[in-house]
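K.L.:
Below is a structure I'd like to ask you about.
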Amino acid sequence: MAEAKGEAHGCIVCGKLYQLYVVHDSEGRYLGSRVMTAGGKEVKGYGRPLVACERHSPEEIARAASKVYGSQKEEDE
């Protein structure tokens, strides 16, 4: 059974805080998240809950996330 909880995460580029609902499966693996604060968007493909401001370009987001977490993981189809 999946478990969702509210968490605060900072923008990967600038650090602005956003509220997220983060879902993990019964074994603790990350399944997904949803940004609940206006102005933020989920950053997918890193296997963890990441958020960025809507005003940042995709290039800025990818550069910041790669710097911290390495290359993007392949999405499961």
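Quick note on naming: the chains in the structure tokens go A, B, ... in the order shown, residues restart at 1 in each chain, and ligands are numbered from 1 in order of appearance.
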Taking the DSSP secondary structure from the backbone, can you list the residues of chain A that are strand (DSSP E or B), as a PyMOL selection string?

P.N.:
chain A and resi 3-11+17-24+30-35+40-42+51-53

K.L.:
For A:Tyr30, work out the shell of residues within 10 Å, counting only C-alpha atoms and skipping chain neighbours fewer than 2 positions away, then give it as a ChimeraX atom specification.

P.N.:
/A:2-3,22-28,32-33,47-49

K.L.:
Kindly save the residues from that selection, with N, CA and C atoms included, as a compact mmCIF listing (two decimals), in the first residue's frame.

P.N.:
```
# COMPACT_ATOMS: atom_id res chain seq x y z
N ALA A 2 0.53 2.21 -0.79
CA ALA A 2 1.30 3.45 -0.89
C ALA A 2 0.96 4.39 0.26
N GLU A 3 1.94 5.17 0.65
CA GLU A 3 1.76 6.13 1.73
C GLU A 3 2.16 7.52 1.23
N VAL A 22 4.31 13.67 -1.16
CA VAL A 22 5.26 12.68 -1.67
C VAL A 22 4.71 11.29 -1.37
N VAL A 23 4.71 10.42 -2.38
CA VAL A 23 4.17 9.07 -2.25
C VAL A 23 5.31 8.05 -2.31
N HIS A 24 5.32 7.15 -1.31
CA HIS A 24 6.28 6.05 -1.25
C HIS A 24 5.49 4.74 -1.16
N ASP A 25 6.05 3.65 -1.71
CA ASP A 25 5.38 2.36 -1.57
C ASP A 25 5.65 1.79 -0.19
N SER A 26 5.10 0.60 0.09
CA SER A 26 5.23 0.00 1.41
C SER A 26 6.67 -0.34 1.79
N GLU A 27 7.56 -0.43 0.79
CA GLU A 27 8.97 -0.71 1.05
C GLU A 27 9.81 0.55 1.11
N GLY A 28 9.16 1.72 1.01
CA GLY A 28 9.88 2.98 1.13
C GLY A 28 10.42 3.56 -0.16
N GLY A 32 6.23 8.99 -6.51
CA GLY A 32 5.89 10.24 -7.18
C GLY A 32 5.57 11.33 -6.18
N SER A 33 5.33 12.53 -6.71
CA SER A 33 4.99 13.65 -5.85
C SER A 33 4.13 14.64 -6.61
N GLY A 47 14.34 9.95 -9.50
CA GLY A 47 14.04 8.93 -8.49
C GLY A 47 13.90 9.48 -7.09
N ARG A 48 13.59 10.75 -6.97
CA ARG A 48 13.44 11.40 -5.67
C ARG A 48 12.55 12.62 -5.86
N PRO A 49 11.95 13.12 -4.78
CA PRO A 49 11.10 14.31 -4.92
C PRO A 49 11.93 15.57 -5.11
```

K.L.:
Just checking: using only C-alpha atoms, which residue out of A:Ala52, A:Met36, A:Val43, A:Leu31 ends up closest to A:Gly10?

P.N.:
A:Ala52

K.L.:
If you measure from atom CA of A:Tyr18 to atom CA of A:Thr37, what distance in Å do you get, rounded to one decimal?

P.N.:
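Going from atom CA of A:Tyr18 over to atom CA of A:Thr37, I get 5.5 Å.
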
K.L.:
In Å to one decimal, how far is atom CA of A:Gly39 from atom CA of A:Ile12?

P.N.:
13.6 Å

K.L.:
List every residue of stretch 1-76 of chain A that DSSP, applied to the backbone, labels as helix (DSSP H, G or I), and write the result as JSON, numbers by chain.

P.N.:
{"A": [58, 59, 60, 61, 62, 63, 64, 65, 66, 67, 68, 69]}

K.L.:
One decimal, in Å: what's the spacing between atom CA of A:Cys53 and atom CA of A:Ala38?

P.N.:
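Separation between atom CA of A:Cys53 and atom CA of A:Ala38: 9.2 Å.
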
K.L.:
Which one of A:Arg34, A:Cys14, A:Glu59, A:Ser71 sits closest to A:Tyr46 if you count only C-alpha atoms?

P.N.:
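Closest residue, counting only C-alpha atoms: A:Ser71.
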
K.L.:
Just the residues within 12 Å of A:Pro58, please, counting only C-alpha atoms, with nothing from its chain fewer than 3 positions along; format it as a PDB file with C-alpha atoms, in the first residue's frame.

P.N.:
```
ATOM      1  CA  ILE A  12      16.746  22.765  -6.977  1.00  0.00           C
ATOM      2  CA  VAL A  13      17.960  26.010  -8.597  1.00  0.00           C
ATOM      3  CA  LYS A  41       6.705  22.289 -10.691  1.00  0.00           C
ATOM      4  CA  GLU A  42       7.879  18.730 -10.161  1.00  0.00           C
ATOM      5  CA  VAL A  43      11.260  17.743 -11.597  1.00  0.00           C
ATOM      6  CA  LYS A  44      10.909  14.174 -12.878  1.00  0.00           C
ATOM      7  CA  ALA A  52      11.783  23.874  -9.225  1.00  0.00           C
ATOM      8  CA  CYS A  53      10.238  27.297  -9.729  1.00  0.00           C
ATOM      9  CA  GLU A  54       8.160  27.609 -12.905  1.00  0.00           C
ATOM     10  CA  ARG A  55      10.280  30.618 -13.924  1.00  0.00           C
ATOM     11  CA  ILE A  61      16.890  22.920 -13.822  1.00  0.00           C
ATOM     12  CA  ALA A  62      18.829  20.129 -15.575  1.00  0.00           C
ATOM     13  CA  ARG A  63      22.170  21.799 -14.817  1.00  0.00           C
ATOM     14  CA  ALA A  64      21.349  22.237 -11.103  1.00  0.00           C
ATOM     15  CA  ALA A  65      19.926  18.718 -10.686  1.00  0.00           C
ATOM     16  CA  SER A  66      22.859  17.106 -12.517  1.00  0.00           C
TER      17      SER A  66
END
```
